[in-house]
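What follows is start.cif (mmCIF, C-alpha atoms).
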data_target
#
loop_
_atom_site.label_atom_id
_atom_site.label_comp_id
_atom_site.auth_asym_id
_atom_site.auth_seq_id
_atom_site.Cartn_x
_atom_site.Cartn_y
_atom_site.Cartn_z
CA MET A 30 -13.89 34.89 20.59
CA TYR A 31 -13.60 31.31 19.41
CA SER A 32 -14.03 30.45 15.76
CA LEU A 33 -13.47 27.45 13.50
CA HIS A 34 -9.76 26.79 12.88
CA GLU A 35 -9.72 23.41 11.15
CA GLN A 36 -11.58 20.15 10.98
CA TYR A 37 -10.91 16.63 9.78
CA LEU A 38 -12.13 13.07 10.11
CA ASP A 39 -9.83 10.86 12.15
CA MET A 40 -10.37 7.33 10.96
CA ALA A 41 -8.32 5.76 13.75
CA SER A 42 -10.50 7.04 16.57
CA GLY A 43 -13.74 7.48 14.64
CA PHE A 44 -14.04 11.15 15.55
CA HIS A 45 -14.86 14.13 13.36
CA VAL A 46 -12.37 16.52 14.95
CA ILE A 47 -13.11 20.23 14.86
CA GLU A 48 -10.69 22.72 16.34
CA LEU A 49 -11.81 26.12 17.50
CA ARG A 50 -9.32 28.84 18.41
CA ASP A 51 -9.61 32.25 19.91
CA GLU A 52 -7.46 35.29 19.26
CA ARG A 53 -5.11 34.35 22.12
CA GLY A 54 -4.34 30.94 20.64
CA ASN A 55 -6.48 29.01 23.09
CA ARG A 56 -7.76 25.82 21.55
CA HIS A 57 -10.95 23.89 22.08
CA LEU A 58 -11.65 20.63 20.35
CA ILE A 59 -15.08 19.45 19.37
CA GLN A 60 -15.10 15.78 18.60
CA LEU A 61 -18.12 14.19 17.02
CA ALA A 62 -18.22 10.45 17.47
CA VAL A 63 -19.12 9.22 14.00
CA GLY A 64 -17.56 5.78 14.13
CA HIS A 65 -17.02 2.97 16.55
CA GLU A 66 -13.70 1.50 17.37
CA SER A 67 -13.57 -2.20 16.86
CA CYS A 68 -14.13 -4.28 19.97
CA PRO A 69 -10.76 -4.66 21.71
CA ALA A 70 -11.65 -8.20 22.67
CA CYS A 71 -13.09 -9.67 19.50
CA GLY A 72 -12.35 -7.10 16.79
CA ALA A 73 -15.99 -6.78 15.75
CA VAL A 74 -17.10 -3.41 14.40
CA HIS A 75 -20.66 -2.21 14.78
CA PRO A 76 -21.55 0.62 12.42
CA LYS A 77 -23.23 3.67 13.87
CA ASP A 78 -26.75 4.16 12.69
CA SER A 79 -27.44 7.64 14.01
CA LEU A 80 -25.27 9.66 11.66
CA GLY A 81 -28.16 10.74 9.46
CA ALA A 82 -29.49 12.91 12.27
CA LEU A 83 -26.11 14.36 13.15
CA ASP A 84 -25.68 18.02 12.21
CA PRO A 85 -22.02 19.00 12.57
CA ALA A 86 -22.64 22.66 11.77
CA ALA A 87 -25.25 22.92 14.52
CA ALA A 88 -22.94 21.16 16.97
CA ILE A 89 -20.11 23.53 16.16
CA ALA A 90 -22.38 26.53 16.51
CA ARG A 91 -23.75 25.32 19.84
CA VAL A 92 -20.35 24.69 21.38
CA ASN A 93 -18.90 27.86 19.91
CA GLU A 94 -21.70 29.93 21.41
CA ALA A 95 -21.24 28.30 24.82
CA LEU A 96 -17.50 28.91 24.71
CA ASN A 97 -17.89 32.53 23.78
CA THR A 98 -20.53 33.07 26.45
CA SER A 99 -18.18 31.56 29.02
CA GLN A 100 -15.30 33.63 27.73
CA GLN A 101 -17.34 36.83 27.83
CA GLN A 102 -18.31 36.09 31.40
CA MET A 103 -14.66 35.67 32.33
CA LEU A 104 -13.71 38.91 30.60
CA ASN A 105 -16.49 40.69 32.46
CA TYR A 106 -15.14 39.25 35.68
CA ALA A 107 -11.63 40.43 34.83
CA GLY A 108 -12.92 43.89 34.03
CA LYS A 109 -14.90 44.08 37.24
CA HIS A 110 -11.88 43.16 39.35
CA GLY A 111 -9.22 44.97 37.34
CA LEU A 112 -7.37 41.86 36.23
CA ILE A 113 -5.03 41.77 33.28
CA VAL A 114 -6.00 39.22 30.66
CA ARG A 115 -3.40 37.09 28.95
CA MET B 4 40.56 -12.05 -26.98
CA ALA B 5 43.16 -11.38 -29.66
CA LEU B 6 42.41 -10.64 -33.32
CA LYS B 7 42.06 -13.81 -35.33
CA VAL B 8 42.78 -12.30 -38.74
CA ASN B 9 46.48 -11.85 -39.74
CA LEU B 10 48.15 -10.11 -42.74
CA ALA B 11 48.73 -13.40 -44.60
CA GLN B 12 45.02 -14.11 -44.51
CA ILE B 13 44.32 -10.59 -45.83
CA ASN B 14 46.79 -11.05 -48.69
CA SER B 15 45.18 -14.32 -49.58
CA ALA B 16 41.68 -12.89 -49.40
CA ALA B 17 42.59 -9.86 -51.62
CA ARG B 18 43.84 -12.16 -54.43
CA GLY B 19 45.98 -9.51 -56.15
CA ASN B 20 43.55 -6.65 -55.64
CA SER B 21 46.02 -4.16 -54.21
CA ASP B 22 43.39 -1.57 -53.32
CA LEU B 23 41.42 -4.08 -51.31
CA ARG B 24 44.59 -5.47 -49.70
CA GLU B 25 45.75 -1.99 -48.64
CA THR B 26 42.30 -1.12 -47.29
CA LEU B 27 41.99 -4.31 -45.28
CA THR B 28 45.58 -4.01 -44.06
CA SER B 29 45.03 -0.46 -42.84
CA ILE B 30 41.89 -1.56 -41.01
CA HIS B 31 43.78 -4.45 -39.48
CA LEU B 32 46.66 -2.26 -38.33
CA ALA B 33 44.25 0.30 -36.88
CA LEU B 34 42.45 -2.44 -34.95
CA GLN B 35 45.73 -3.83 -33.68
CA SER B 36 46.74 -0.38 -32.49
CA LEU B 37 43.44 0.04 -30.61
CA TYR B 38 43.82 -3.41 -29.14
CA ALA B 39 47.30 -2.58 -27.92
CA GLN B 40 46.01 0.60 -26.28
CA THR B 41 42.84 -0.69 -24.67
CA GLY B 42 43.63 -4.34 -24.10
CA THR B 43 40.30 -5.32 -25.53
CA THR B 44 39.13 -6.34 -28.91
CA PRO B 45 37.40 -3.36 -30.53
CA LEU B 46 35.10 -5.54 -32.54
CA SER B 47 33.99 -7.79 -29.71
CA LYS B 48 30.25 -7.63 -29.09
CA VAL B 49 28.97 -5.13 -26.64
CA ASP B 50 27.37 -6.80 -23.59
CA ALA B 51 26.22 -4.74 -20.63
CA THR B 52 25.58 -7.62 -18.29
CA THR B 53 27.94 -8.00 -15.40
CA ALA B 54 29.99 -11.09 -15.47
CA ALA B 55 28.90 -13.44 -12.69
CA PHE B 56 31.16 -13.59 -9.72
CA THR B 57 31.71 -17.03 -8.48
CA SER B 58 34.50 -16.63 -6.00
CA PRO B 59 33.51 -15.14 -2.61
CA PRO B 60 33.84 -11.40 -2.17
CA ALA B 61 36.48 -9.79 -0.04
CA PRO B 62 35.49 -9.64 3.63
CA SER B 63 32.87 -7.09 4.62
CA LYS B 64 33.17 -5.13 7.82
CA LEU B 65 30.84 -6.00 10.66
CA ALA B 66 29.77 -3.78 13.53
CA VAL B 67 27.20 -4.69 16.19
CA ARG B 68 25.91 -2.30 18.82
CA GLY B 69 23.56 -3.15 21.65
CA ALA B 70 21.10 -0.71 23.20
CA ASN B 71 17.55 -0.62 24.51
CA GLY B 72 17.08 -4.35 24.24
CA SER B 73 18.08 -4.59 20.58
CA PHE B 74 21.17 -5.36 18.54
CA THR B 75 21.90 -2.96 15.71
CA VAL B 76 23.98 -4.69 13.04
CA SER B 77 25.84 -2.67 10.42
CA ILE B 78 27.69 -4.24 7.49
CA THR B 79 30.10 -2.37 5.24
CA THR B 80 30.70 -4.07 1.90
CA PRO B 81 34.14 -3.97 0.27
CA GLN B 82 34.75 -1.42 -2.48
CA SER B 83 35.95 -4.14 -4.83
CA ALA B 84 32.42 -5.49 -5.06
CA GLY B 85 31.30 -2.47 -7.09
CA ASN B 86 27.58 -2.59 -7.67
CA ALA B 87 27.33 -6.35 -7.39
CA SER B 88 24.93 -7.63 -4.75
CA ILE B 89 26.56 -9.35 -1.83
CA TYR B 90 24.52 -11.76 0.23
CA GLN B 91 25.26 -11.53 3.91
CA GLU B 92 24.67 -14.17 6.52
CA ILE B 93 25.03 -13.12 10.12
CA SER B 94 24.89 -15.48 13.03
CA SER B 95 25.23 -15.16 16.77
CA SER B 96 26.12 -17.38 19.65
CA PRO B 97 26.42 -17.02 23.40
CA VAL B 98 29.89 -18.56 23.22
CA ALA B 99 32.93 -17.13 21.49
CA ASN B 100 33.79 -20.22 19.47
CA PHE B 101 30.25 -20.67 18.10
CA VAL B 102 30.06 -24.31 19.09
CA SER B 103 26.62 -24.05 20.65
CA GLY B 104 23.52 -21.90 20.67
CA VAL B 105 24.17 -20.56 17.19
CA THR B 106 21.37 -18.50 15.68
CA THR B 107 21.72 -17.94 11.94
CA TYR B 108 19.63 -15.08 10.64
CA PRO B 109 18.05 -15.09 7.17
CA VAL B 110 20.43 -14.39 4.30
CA SER B 111 19.89 -10.95 2.83
CA THR B 112 21.61 -8.28 0.81
CA SER B 113 20.63 -5.73 3.44
CA THR B 114 23.50 -4.10 5.28
CA SER B 115 21.71 -3.07 8.45
CA TYR B 116 19.46 -4.90 10.85
CA VAL B 117 17.81 -4.18 14.18
CA LEU B 118 17.29 -7.41 16.05
CA ALA B 119 15.23 -7.19 19.24
CA ASN B 120 16.60 -9.50 21.91
CA PRO B 121 16.45 -7.83 25.34
CA GLY B 122 18.94 -8.78 27.99
CA ALA B 123 21.15 -10.91 25.72
CA THR B 124 24.94 -10.98 25.46
CA LEU B 125 26.07 -12.59 22.21
CA TYR B 126 29.06 -13.07 19.95
CA TRP B 127 28.56 -12.19 16.28
CA ARG B 128 30.01 -13.33 12.99
CA LEU B 129 29.44 -12.66 9.31
CA ARG B 130 30.11 -14.38 6.03
CA SER B 131 29.44 -13.12 2.52
CA SER B 132 28.70 -14.50 -0.91
CA TYR B 133 27.86 -13.34 -4.40
CA ASN B 134 25.75 -16.35 -5.25
CA GLN B 135 24.79 -17.88 -1.88
CA GLN B 136 26.88 -20.90 -2.84
CA ASN B 137 30.51 -19.88 -2.41
CA TRP B 138 30.87 -18.20 0.94
CA SER B 139 33.73 -16.26 2.37
CA SER B 140 35.24 -17.41 5.63
CA TYR B 141 33.55 -16.17 8.79
CA LEU B 142 34.45 -12.77 10.11
CA ALA B 143 33.85 -12.86 13.87
CA LEU B 144 33.74 -9.90 16.20
CA PRO B 145 36.38 -10.20 18.90
CA GLY B 146 34.11 -9.58 21.88
CA ALA B 147 30.56 -10.18 23.00
CA VAL B 148 27.89 -7.48 22.67
CA SER B 149 25.11 -6.88 25.20
CA SER B 150 21.69 -5.69 24.00
CA GLY B 151 20.73 -4.15 27.33
CA LEU B 152 17.23 -3.92 28.71
CA VAL B 153 14.27 -2.21 27.11
CA SER B 154 13.45 1.20 28.50
CA SER B 155 10.38 3.27 27.89
CA ALA B 156 10.73 6.29 25.68
CA ALA B 157 8.09 7.98 27.82
CA THR B 158 10.32 8.31 30.83
CA ALA B 159 13.62 10.05 31.26
CA SER B 160 16.07 8.80 33.84
CA ASN B 161 15.47 9.86 37.44
CA LEU B 162 12.10 11.31 36.51
CA SER B 163 9.34 11.27 39.04
CA LEU B 164 6.40 9.36 37.62
CA ASN B 165 3.78 11.15 39.65
CA GLN B 166 1.30 12.52 37.18
CA SER B 167 -1.40 14.99 38.07
CA ASN B 168 -3.96 16.10 35.56
CA TYR B 169 -5.79 19.23 36.55
CA ALA B 170 -8.63 18.35 34.24
CA THR B 171 -12.25 17.67 34.84
CA VAL B 172 -13.83 14.93 32.78
CA ASP B 173 -17.60 14.74 32.88
CA SER B 174 -20.58 13.94 30.75
CA VAL B 175 -23.86 15.65 30.15
CA ALA B 176 -26.98 14.66 28.29
CA ALA B 177 -27.42 16.11 24.81
CA GLY B 178 -30.55 14.79 23.18
CA SER B 179 -30.28 11.22 22.00
CA THR B 180 -26.60 11.01 22.92
CA ALA B 181 -24.28 12.26 25.62
CA THR B 182 -21.48 14.80 25.53
CA VAL B 183 -18.19 14.17 27.31
CA ARG B 184 -16.30 17.28 28.32
CA VAL B 185 -12.68 17.84 29.30
CA TYR B 186 -11.80 21.19 30.77
CA GLY B 187 -9.61 22.99 33.25
CA SER B 188 -10.15 24.80 36.51
CA GLY B 189 -11.54 27.84 34.69
CA GLY B 190 -14.64 25.96 33.64
CA VAL B 191 -15.91 24.49 30.39
CA GLY B 192 -13.77 25.63 27.48
CA THR B 193 -10.62 26.35 29.48
CA ALA B 194 -7.37 24.51 28.98
CA TRP B 195 -5.90 22.33 31.70
CA THR B 196 -2.43 21.47 32.87
CA SER B 197 -0.86 18.04 33.00
CA VAL B 198 2.05 17.78 35.43
CA LEU B 199 4.45 14.87 35.06
CA GLY B 200 7.33 14.94 37.49
CA SER B 201 8.98 18.33 37.21
CA SER B 202 7.54 19.21 33.81
CA SER B 203 4.10 20.40 32.84
CA ARG B 204 2.17 21.06 29.68
CA VAL B 205 -1.03 22.86 28.85
CA ILE B 206 -3.59 20.82 26.94
CA PRO B 207 -6.65 22.35 25.27
CA SER B 208 -10.17 21.70 26.40
CA GLY B 209 -12.42 19.41 24.45
CA THR B 210 -15.98 18.34 23.89
CA MET B 211 -16.78 14.84 22.65
CA MET B 212 -20.29 14.72 21.26
CA ASN B 213 -22.50 11.92 20.03
CA VAL B 214 -21.16 9.50 22.64
CA ALA B 215 -23.50 6.66 23.54
CA TYR B 216 -25.25 6.82 26.89
CA ALA B 217 -23.88 4.63 29.68
CA ALA B 218 -20.57 4.14 27.87
CA ASN B 219 -17.67 3.84 30.26
CA GLY B 220 -14.26 4.76 29.03
CA PHE B 221 -10.91 6.32 29.59
CA VAL B 222 -10.16 9.65 28.00
CA VAL B 223 -6.65 10.09 26.63
CA TRP B 224 -4.92 13.01 24.91
CA ASP B 225 -2.91 11.75 21.94
CA GLY B 226 -1.16 15.06 21.22
CA GLN B 227 -3.74 16.21 18.66
CA LYS B 228 -7.11 15.22 20.00
CA TYR B 229 -8.89 13.27 22.69
CA GLN B 230 -9.72 9.64 22.34
CA LEU B 231 -12.18 7.60 24.35
CA LYS B 232 -10.85 4.12 24.98
CA PRO B 233 -12.81 1.29 26.56
CA GLN B 234 -9.79 -0.07 28.42
CA LEU B 235 -7.23 1.74 30.55
CA ALA B 236 -4.30 -0.08 28.99
CA GLN B 237 -5.26 1.42 25.62
CA THR B 238 -4.32 4.86 26.93
CA PHE B 239 -0.70 3.98 27.62
CA PRO B 240 1.18 4.54 24.34
CA ASP B 241 4.27 6.64 24.74
CA ALA B 242 3.61 10.37 24.48
CA TRP B 243 -0.11 9.98 25.16
CA VAL B 244 -1.53 11.59 28.27
CA PRO B 245 -4.20 9.60 30.13
CA VAL B 246 -6.69 12.22 31.26
CA GLY B 247 -9.35 10.50 33.29
CA LYS B 248 -12.09 7.96 33.49
CA VAL B 249 -15.62 8.85 32.61
CA SER B 250 -18.84 7.02 33.36
CA VAL B 251 -21.14 8.50 30.79
CA ILE B 252 -24.60 9.45 32.00
CA ALA B 253 -27.03 6.55 31.65
CA ASN B 254 -29.66 8.37 29.58
CA GLY B 255 -30.84 11.78 28.62
CA SER B 256 -33.60 12.25 31.16
CA GLY B 257 -31.40 13.81 33.82
CA LEU B 258 -31.28 12.84 37.47
CA VAL B 259 -33.74 10.12 38.34
CA LEU B 260 -33.63 8.66 41.84
CA PRO B 261 -33.90 4.89 42.03
CA VAL B 262 -37.01 3.01 43.14
CA ILE B 263 -36.22 0.17 45.52
CA HIS B 264 -38.48 -2.31 47.23
CA ALA B 265 -37.61 -4.27 50.36
CA VAL B 266 -38.13 -8.02 50.65
CA VAL B 267 -39.33 -8.93 54.17
CA THR B 268 -39.09 -12.36 55.73
CA GLY B 269 -40.12 -12.90 59.34
CA GLY B 270 -40.15 -9.20 60.06
CA ALA B 271 -36.57 -8.71 58.84
CA ILE B 272 -35.48 -7.17 55.54
CA VAL B 273 -33.40 -9.85 53.84
CA ALA B 274 -33.06 -8.41 50.34
CA TYR B 275 -33.88 -5.47 48.10
CA GLN B 276 -35.39 -5.35 44.65
CA ILE B 277 -34.30 -2.61 42.27
CA VAL B 278 -37.50 -1.61 40.51
CA ASN B 279 -35.92 1.37 38.74
CA PRO B 280 -32.13 1.80 38.81
CA GLY B 281 -32.36 5.55 38.35
CA ASN B 282 -30.20 7.72 36.15
CA GLY B 283 -27.66 10.49 36.38
CA LEU B 284 -26.41 9.44 39.80
CA THR B 285 -22.90 10.54 40.58
CA SER B 286 -22.72 9.12 44.07
CA SER B 287 -24.48 6.52 46.10
CA PRO B 288 -27.91 7.79 47.16
CA LEU B 289 -28.87 7.61 50.80
CA LEU B 290 -31.46 4.89 51.43
CA THR B 291 -33.94 5.55 54.22
CA ILE B 292 -36.22 2.72 55.30
CA THR B 293 -39.47 3.62 57.01
CA ASP B 294 -42.29 1.39 58.19
CA SER B 295 -45.34 1.49 60.38
CA SER B 296 -43.94 -1.07 62.80
CA GLY B 297 -40.36 -2.16 62.03
CA SER B 298 -37.03 -0.47 62.62
CA GLY B 299 -33.27 -0.95 62.52
CA ALA B 300 -32.72 -1.99 58.88
CA THR B 301 -29.95 -0.38 56.86
CA ALA B 302 -28.85 -0.73 53.25
CA THR B 303 -26.31 0.76 50.85
CA ALA B 304 -26.79 1.40 47.16
CA VAL B 305 -23.95 0.74 44.70
CA VAL B 306 -23.86 3.11 41.73
CA SER B 307 -22.27 2.41 38.37
CA ALA B 308 -22.67 4.37 35.13
CA GLY B 309 -25.13 6.71 36.79
CA ALA B 310 -27.52 4.03 37.99
CA VAL B 311 -27.93 1.74 40.97
CA THR B 312 -26.65 -1.71 40.13
CA GLN B 313 -26.85 -3.33 43.52
CA VAL B 314 -28.27 -2.76 46.99
CA THR B 315 -26.20 -4.26 49.77
CA PRO B 316 -28.20 -5.09 52.91
CA GLY B 317 -26.70 -3.97 56.19
CA SER B 318 -28.63 -4.66 59.36
CA ALA B 319 -31.84 -6.64 58.67
CA GLY B 320 -33.81 -4.90 61.45
CA SER B 321 -36.93 -6.43 62.99
CA GLY B 322 -40.68 -6.05 63.29
CA TYR B 323 -41.21 -4.92 59.71
CA SER B 324 -44.53 -5.18 57.97
CA SER B 325 -44.74 -6.74 54.55
CA SER B 326 -44.20 -3.45 52.68
CA PRO B 327 -41.75 -1.03 54.24
CA THR B 328 -40.89 2.08 52.26
CA VAL B 329 -37.37 2.58 50.86
CA THR B 330 -36.66 6.19 50.00
CA ALA B 331 -33.59 7.26 48.03
CA SER B 332 -32.21 10.76 48.34
CA GLY B 333 -29.12 12.63 47.24
CA GLY B 334 -27.19 10.76 44.61
CA VAL B 335 -25.47 13.76 43.08
CA SER B 336 -21.98 15.04 43.81
CA GLY B 337 -19.80 17.29 41.78
CA GLY B 338 -21.90 17.70 38.70
CA ALA B 339 -21.59 20.43 36.13
CA ALA B 340 -24.26 22.89 35.26
CA GLY B 341 -26.34 22.81 32.17
CA GLY B 342 -27.31 20.23 29.62
CA GLY B 343 -28.98 17.86 32.03
CA GLY B 344 -27.69 15.90 34.96
CA ALA B 345 -23.96 15.53 35.05
CA THR B 346 -22.05 12.52 36.11
CA GLY B 347 -18.61 11.01 35.94
CA ASN B 348 -16.88 14.02 37.46
CA ASN B 349 -13.76 12.49 38.90
CA GLY B 350 -11.39 15.44 38.93
CA GLY B 351 -9.43 13.91 36.12
CA ARG B 352 -7.79 11.29 38.29
CA LEU B 353 -7.39 7.74 37.13
CA TYR B 354 -8.61 5.36 39.71
CA ALA B 355 -8.39 2.04 37.99
CA ASP B 356 -6.68 -0.67 39.96
CA VAL B 357 -3.77 -1.69 37.76
#

Could you quickly redo this structure as structure tokens?
Amino acid sequence: MYSLHEQYLDMASGFHVIELRDERGNRHLIQLAVGHESCPACGAVHPKDSLGALDPAAAIARVNEALNTSQQQMLNYAGKHGLIVR
Amino acid sequence: MALKVNLAQINSAARGNSDLRETLTSIHLALQSLYAQTGTTPLSKVDATTAAFTSPPAPSKLAVRGANGSFTVSITTPQSAGNASIYQEISSSPVANFVSGVTTYPVSTSTSYVLANPGATLYWRLRSSYNQQNWSSYLALPGAVSSGLVSSAATASNLSLNQSNYATVDSVAAGSTATVRVYGSGGVGTAWTSVLGSSSRVIPSGTMMNVAYAANGFVVWDGQKYQLKPQLAQTFPDAWVPVGKVSVIANGSGLVLPVIHAVVTGGAIVAYQIVNPGNGLTSSPLLTITDSSGSGATATAVVSAGAVTQVTPGSAGSGYSSSPTVTASGGVSGGAAGGGGATGNNGGRLYADV
């Protein structure tokens, strides 16, 4: 099952990066866009105004649940067809 | 500096005081003995500053190597200089005798430089100074050095540049913003494989949330995380892996077929008006034109960022009434389940014309 491994804010790309890992070392990244890059043409930066409504914990929980549901479905499939899982 | 006081001066200064004379004489003799041993005056003032060098230093050693479009210059200072700073002036010329085309680089105490100058073959020389006034004679390298051409660190020699990314990049609606997803053949949340030439690497899946609707961009893996860049060229740094282009869903209301009206002149359809461009379209919808009297008209819808941006008339047809009906159907291909209408599924392949 996936769970939170680490998270950080990457100023260069403007993403809040959250890494989930499962017990097999598989990684899934959740990236919350919390900043804009500057315009590549003119360099202007427009601040995001929707961050107040952003709930990182809820986003993590939502993605984590979807991942684990998908993973459980795959494990069920493997069990049904006698596949080894690695 | 020798001692300036002699025994006659001591005898005169003592004025018959034998104790004082013997004391001063013993001090004098001891100082003379130290002077003879050390070569310096024991009572001279202590001064830690280094005496200024005015004559040029002994020649330094110069080595210049050319590779990857740059000259790497290395200077070895002579041991006799000790800790004194030596100013170095290097210059280059395309001719061995330095009579033309001489480039003199800024004087510095640095002993190594990397000078980018792709495709150049130059002769090099060096001169040195302690004070930037008195210079040594030039030390010239005997032969010319070629910088070579710049090569990309991203490619090894004889490497096939065919790159295949077995990733799916798509976007789904998520409330007031869209979510861009990158995943492998196993579905959302599974890693994918990037194959470059004969090597391959597994890259984790990712979910980019809070992305603005209708944003077009190029997804790139930078080794740690995904980035969404507005321009393809921004995904090309060495060691980055361009993943795919995504046309983010236009808004959060899912698939909406466009509403299009025909403009009729003389019974023929000459133009189309896009009343509602639609949303969530991943392919061009089929346009069917029906009318009570006319027939034969055809038209094609052009889709960008999930919406119709243009309708291109084909055959104008004939006999149409003033208000034929244009019906759009289809408009979805690929698409991923859940979270609203999906769009931008391009199989991870870049298709920009570069």

Checklist entry - When the PyMOL selection byres ((chain B) within 8 of (chain A)) is applied to the file above, which residues end up in the set, as a PyMOL selection string? => result chain B and resi 191-194+207-214+228-231+233

Checklist entry - Neighbours of range 107-112 of chain B within 10 Å (only C-alpha atoms; same-chain residues fewer than 3 positions away dropped), as an NGL selection string? => result :B and (78 or 88-96 or 104 or 115 or 118 or 127-133 or 135)

Next on the checklist: I'd like to see the residues matched by the PyMOL selection byres ((chain B and resi 26-30) around 12) on this file, and ideally I'd get them as a PyMOL selection string.
Outcome noted: chain B and resi 6+8-17+20-25+31-37+45-46

Checklist entry - Just how far from CA of Ser140 in chain B is CA of Asn86 in chain B, in Å to one decimal? => result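 One can read the CA of Asn86 in chain B to CA of Ser140 in chain B distance as 21.3 Å.
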
Next on the checklist: Please compute the CA of Val314 in chain B-CA of Gly247 in chain B distance, one decimal, in Å.
Outcome noted: 26.9 Å

Next on the checklist: Would you compute the distance between CA of Ala170 in chain B and CA of Ser202 in chain B? Give it in Å to one decimal.
Outcome noted: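 If I compute the distance from CA of Ala170 in chain B to CA of Ser202 in chain B, I get 16.2 Å.
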